Each structure stands twice: as structure tokens, then as C-alpha cells.
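Trainee: Can you read through this structure? Questions will come right after.
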Amino acid sequence: MKVNIPFFVKALCLLLFLFFCFSCGSKKEVVYYQNIDALNSQQNQNSYEIKIQPDDLLMIIVSADNPEVAIPFNLTSVAVSNTGKLDTTTGQLTMQSYLVSRDGMIDFPVLGKIQVGGLTRTEVLSLLQSKIGAYIKNPIINLRVMNFKISLQGEVNSPGTYPVTSERVTLIEALSMAKDLTIYGRRNNILVIRETNGVKSYNRVDITKSDFISSPFYYLTQNDVVYVEPNKTKVNASKVGPNTSVIISAISILVSLCVLFFN
């Protein structure tokens, strides 16, 4: 006995079939660290250290067994109000910082101008240790980049600019700050924009492949910009999006007319 299936049922089944076909995603497009078990951990140790760049704000504190002898080598504290203005009556004491000039110099008390641009934190500390050591026995020097920040844009859940309080940050940590990628983000083509010595570079990172851990862009530097591109699904949806309601209405009317006609 032949069973006649109503046309609208056939149309509905076809629409559902097409929906599931186009909604299926590939595991390779969304899973991080694929084949990481094949990597040799001993060969992928990355000991990256950031380098001081122009426009960095450095907080450098010099101390010694005798606090009095270290005073000339420190910037004086200033009283700053909540509005950022100098206020010697109600403001809180704030340590001044050294602004690295465009040519990579800072003006240090007693020592004068010192070239720090392009040096790592360890190298700057070693340089200051040797110079201040001529005046103070066994000086203790602390250095920190105060305006270390990174920016995340595109298909992340919380785009924005984020301050970094540690000495270094990985690309994965940065993405975690932005609450990870959205399901529409391209994980195999993340753009990292970096400026070194005034020259911008544009680099692509594939975080679905585990070997990116050994990449020079696994660790980010200050002022890096990370952009996550939308995948094809999001791009196509952006084209159809404004007309989605019209298309759905048209399909509904078409199905209704077909049902009336064949009945």
C-alpha cells in the first residue's frame, strides 16, 4: 500500500536536513593543541623575556642596607589626587616612573641618560647594578613595566585592552582574559600585530596545532594587538542576517500555498 506523504511534511524534512548539513562543524576547526602528545616537551621550552620599548613607563626602585645612601638614586614620590592632579594636602603618595624616550633613553638620577631600549629586563637590571655598584655596595634594584597592556579584537567574548601585571603573558592567557574565542572565531588564523623598534609586523598563529607553543608569538609583548577573524559561518550569516526574517516569511508563505494547492 502506497502512503502519500503531505508536501509540507516533505518540505519540512528537507529544511531540517539542510539545516543539520550546514550546521555540522569539524573538530579540526575548534579543538586546541591537536597532536600535543607528539611534541617533545624538552625541545619546546620557551624562555621568552620582553624587551624595553619606547614609551614604556618603568618603575625602578633602588634600595641598600643603608637606606640613606639609596635616596639619591630614586625619584621622589609625589602626591596625586583622584583626578590625577598634584595635591600636596589630600593626595596619596605615588612613585614616579621613567618614560622611555623614542630613542630608548631614560634620565636616571646621578647616572644621567642611560640607553635601555631594546634591552631585556634582566639586561637593564645588570646594567644598573654595575653602574650603581660604583656608588653603593650591593644595591638591590627592582624594575617593572607599568604600562604593559595588550588588546584583543574580533571574535572573542570580551574584546578590549587588558593590563598585564606580570613580566610576560602568553597568547592563550590573553585569550582567556577575553573569555576565550566565540564559536565563530577562526582558531587557525589568529593575527598578532607587533611593533618592534618602530616597525610593525603582522603574524598569523594557528592555535589548533600544538607546535604553536614554540612560536615566537606564543608569548606576547607590551602593546601587542590580537585579532581573531570570523569564520565562514559568521561571514555568511552577516550577509543573510538582515534578510533572515523576510526569507523565513517567504518560505512559510510558499509552503502554505503549496499545501493549499495540492490539497
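Chain labels run A, B, ... following the order of the C-alpha cells; each chain numbers its residues from 1, and ligands are numbered from 1 in the order shown.
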Considering only C-alpha atoms, return as number ranges by chain whatever protein or nucleic-acid residues lie within 9 Å of region 56-60 of chain A, sequence-local ones (same chain, fewer than 4 positions apart) excluded.

Mentor: A: 52, 74-75, 95-101, 141-148, 222

Trainee: When distances are computed from only C-alpha atoms, which of A:Gly118, A:Leu171, A:Pro230, A:Val124 shows the smallest separation from Ser214 (chain A)?

Mentor: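 Result for the nearest residue to Ser214 (chain A): A:Leu171.
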
Trainee: Provide the CA of Gly112 (chain A) to CA of Ile132 (chain A) distance in Å, to one decimal place.

Mentor: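 CA of Ile132 (chain A) lies at a distance of 11.5 Å from CA of Gly112 (chain A).
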
Trainee: To test your reading of the structure, identify every residue in region 40-223 of chain A that backbone DSSP assigns to strand (DSSP E), and report it as number ranges by chain.

Mentor: A: 57-63, 78-80, 92-94, 98-99, 105-108, 112-115, 140-145, 149-154, 160-163, 169-170, 190-196, 199-205, 219-220

Trainee: Can you list, as a PyMOL selection string, all residues belonging to region 51-261 of chain A that DSSP tags as alpha helix (DSSP H)?

Mentor: chain A and resi 67-70+121-132+171-177+232-240+244-261

Trainee: When you draw a straight line from CA of Glu49 (chain A) to CA of Pro216 (chain A), how long is it in Å?

Mentor: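 Between CA of Glu49 (chain A) and CA of Pro216 (chain A) the gap is 10.9 Å.
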
Trainee: Would you mind telling me which residue in A:Ile61, A:Leu111, A:Ile50, A:Ile106 lies nearest to Asp224 (chain A) when using only C-alpha atoms?

Mentor: A:Ile50

Trainee: Taking 3 positions as the minimum chain separation for residues in the same chain, which residues sit within 10 Å of Asp103 (chain A) when counting only C-alpha atoms? Answer as a list in words.

Mentor: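 Neighbouring residues, sequence-local ones excluded: Gln53, Pro54, Asp55, Val100, Ile106, Gln115, Val116, Gly117, Gly118 and Asn197 of chain A.
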
Trainee: For Gln129 (chain A), which residue out of A:Phe73, A:Val192, A:Lys209, A:Val226 is the nearest one, using only C-alpha atoms?

Mentor: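 Among A:Phe73, A:Val192, A:Lys209, A:Val226, it is A:Phe73 that comes nearest to Gln129 (chain A).
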
Trainee: Quick one: everything within 12 Å of region 172-175 of chain A, counting only C-alpha atoms, minus sequence neighbours fewer than 5 positions away in the same chain. Send it as number ranges by chain.

Mentor: A: 32-33, 149-164, 166, 180-182, 185, 187, 190, 192, 205-208, 210, 212-213, 217-222, 224-228

Trainee: Taking N, CA and C atoms for each residue, export the selection above as a tab-separated table (two decimals), in the first residue's frame.

Mentor:
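As written to disk, part_28.tsv reads:
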```tsv
chain	number	residue	atom	x	y	z
A	32	TYR	N	41.78	22.92	20.40
A	32	TYR	CA	43.12	23.47	20.58
A	32	TYR	C	44.13	22.34	20.78
A	33	TYR	N	45.42	22.66	20.59
A	33	TYR	CA	46.55	21.79	20.93
A	33	TYR	C	46.44	20.39	20.32
A	149	LYS	N	50.36	46.40	28.42
A	149	LYS	CA	48.96	46.10	28.08
A	149	LYS	C	48.90	45.42	26.73
A	150	ILE	N	47.81	44.70	26.50
A	150	ILE	CA	47.56	44.03	25.22
A	150	ILE	C	46.11	44.29	24.83
A	151	SER	N	45.83	44.23	23.53
A	151	SER	CA	44.47	44.47	23.04
A	151	SER	C	43.98	43.26	22.28
A	152	LEU	N	42.72	42.88	22.51
A	152	LEU	CA	42.11	41.75	21.81
A	152	LEU	C	40.85	42.21	21.10
A	153	GLN	N	40.76	41.86	19.81
A	153	GLN	CA	39.66	42.31	18.98
A	153	GLN	C	39.07	41.13	18.21
A	154	GLY	N	37.91	41.36	17.64
A	154	GLY	CA	37.29	40.35	16.79
A	154	GLY	C	36.43	39.36	17.54
A	155	GLU	N	36.52	38.09	17.14
A	155	GLU	CA	35.63	37.05	17.66
A	155	GLU	C	36.12	36.48	19.00
A	156	VAL	N	36.16	37.36	20.01
A	156	VAL	CA	36.38	36.93	21.39
A	156	VAL	C	35.18	37.41	22.19
A	157	ASN	N	34.93	36.76	23.30
A	157	ASN	CA	33.72	37.07	24.06
A	157	ASN	C	33.76	38.42	24.76
A	158	SER	N	34.97	38.90	25.11
A	158	SER	CA	35.08	40.20	25.77
A	158	SER	C	36.24	40.98	25.17
A	159	PRO	N	36.07	41.56	23.99
A	159	PRO	CA	37.16	42.32	23.39
A	159	PRO	C	37.49	43.55	24.22
A	160	GLY	N	38.74	44.00	24.13
A	160	GLY	CA	39.15	45.17	24.87
A	160	GLY	C	40.65	45.19	25.09
A	161	THR	N	41.10	46.20	25.84
A	161	THR	CA	42.51	46.34	26.19
A	161	THR	C	42.69	45.91	27.64
A	162	TYR	N	43.66	45.04	27.87
A	162	TYR	CA	43.87	44.45	29.20
A	162	TYR	C	45.26	44.76	29.73
A	163	PRO	N	45.36	45.26	30.96
A	163	PRO	CA	46.69	45.45	31.57
A	163	PRO	C	47.28	44.12	32.00
A	164	VAL	N	48.59	44.02	31.95
A	164	VAL	CA	49.30	42.80	32.35
A	164	VAL	C	50.19	43.15	33.54
A	166	SER	N	52.08	40.85	35.29
A	166	SER	CA	53.26	40.01	35.40
A	166	SER	C	54.30	40.46	34.37
A	180	ASP	N	37.92	33.73	26.13
A	180	ASP	CA	38.08	32.77	25.03
A	180	ASP	C	37.41	33.26	23.75
A	181	LEU	N	37.66	32.51	22.68
A	181	LEU	CA	37.07	32.81	21.39
A	181	LEU	C	35.59	32.43	21.38
A	182	THR	N	34.83	33.11	20.54
A	182	THR	CA	33.47	32.68	20.30
A	182	THR	C	33.52	31.46	19.39
A	185	GLY	N	34.95	32.18	15.88
A	185	GLY	CA	36.31	32.65	15.66
A	185	GLY	C	37.19	31.64	14.94
A	187	ARG	N	40.28	29.75	14.67
A	187	ARG	CA	41.36	29.38	15.58
A	187	ARG	C	42.67	29.08	14.85
A	190	ILE	N	44.91	33.31	13.70
A	190	ILE	CA	44.83	34.45	14.62
A	190	ILE	C	45.96	35.44	14.28
A	192	VAL	N	48.47	38.49	15.02
A	192	VAL	CA	49.16	39.21	16.09
A	192	VAL	C	49.92	40.37	15.47
A	205	VAL	N	48.93	32.98	13.68
A	205	VAL	CA	49.16	31.89	14.62
A	205	VAL	C	47.99	30.91	14.53
A	206	ASP	N	48.31	29.62	14.47
A	206	ASP	CA	47.30	28.55	14.43
A	206	ASP	C	47.33	27.83	15.77
A	207	ILE	N	46.34	28.12	16.62
A	207	ILE	CA	46.35	27.51	17.96
A	207	ILE	C	45.71	26.13	17.97
A	208	THR	N	45.25	25.67	16.80
A	208	THR	CA	44.76	24.29	16.75
A	208	THR	C	45.92	23.30	16.63
A	210	SER	N	49.54	22.10	17.95
A	210	SER	CA	50.27	22.21	19.21
A	210	SER	C	51.65	22.83	19.06
A	212	PHE	N	52.47	25.54	17.90
A	212	PHE	CA	52.50	26.99	18.07
A	212	PHE	C	53.10	27.38	19.42
A	213	ILE	N	53.19	26.42	20.33
A	213	ILE	CA	53.79	26.69	21.64
A	213	ILE	C	55.25	27.12	21.47
A	217	PHE	N	55.49	33.91	18.88
A	217	PHE	CA	54.30	34.67	19.28
A	217	PHE	C	53.45	33.92	20.31
A	218	TYR	N	54.04	32.88	20.88
A	218	TYR	CA	53.37	32.22	22.00
A	218	TYR	C	53.33	33.17	23.18
A	219	TYR	N	54.45	33.89	23.39
A	219	TYR	CA	54.48	34.95	24.39
A	219	TYR	C	54.24	36.29	23.70
A	220	LEU	N	53.40	37.12	24.29
A	220	LEU	CA	53.11	38.44	23.75
A	220	LEU	C	54.01	39.48	24.40
A	221	THR	N	54.19	40.59	23.69
A	221	THR	CA	54.95	41.70	24.23
A	221	THR	C	53.99	42.86	24.51
A	222	GLN	N	54.49	43.87	25.19
A	222	GLN	CA	53.65	45.01	25.52
A	222	GLN	C	53.13	45.68	24.25
A	224	ASP	N	50.96	44.54	22.12
A	224	ASP	CA	50.55	43.65	21.04
A	224	ASP	C	49.03	43.75	20.84
A	225	VAL	N	48.62	43.61	19.58
A	225	VAL	CA	47.20	43.58	19.25
A	225	VAL	C	46.88	42.20	18.67
A	226	VAL	N	45.87	41.53	19.25
A	226	VAL	CA	45.46	40.20	18.80
A	226	VAL	C	44.07	40.32	18.16
A	227	TYR	N	43.99	39.89	16.90
A	227	TYR	CA	42.71	39.95	16.19
A	227	TYR	C	42.29	38.55	15.74
A	228	VAL	N	41.06	38.18	16.11
A	228	VAL	CA	40.50	36.87	15.75
A	228	VAL	C	39.48	37.07	14.63
```

Trainee: In Å, how far is it from CA of Leu127 (chain A) to CA of Val199 (chain A)?

Mentor: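 Rounded to one decimal, the two atoms are 25.7 Å apart.
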
Trainee: Point out the residue among A:Ile183, A:Leu128, A:Ala134, A:Ala70 with the least atom-to-atom distance to Lys232 (chain A), counting only C-alpha atoms.

Mentor: A:Ile183

Trainee: In terms of the shortest atom-to-atom distance over only C-alpha atoms, which of A:Ser126, A:Ser215, A:Asn189, A:Asn138 is closest to Asp65 (chain A)?

Mentor: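 Closest to Asp65 (chain A), using only C-alpha atoms: A:Asn138.
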
Trainee: Counting only C-alpha atoms, figure out which residue out of A:Leu191, A:Ile253, A:Val62, A:Val31 gets nearest to Gly133 (chain A).

Mentor: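 For Gly133 (chain A), the nearest of the given residues is A:Val62.
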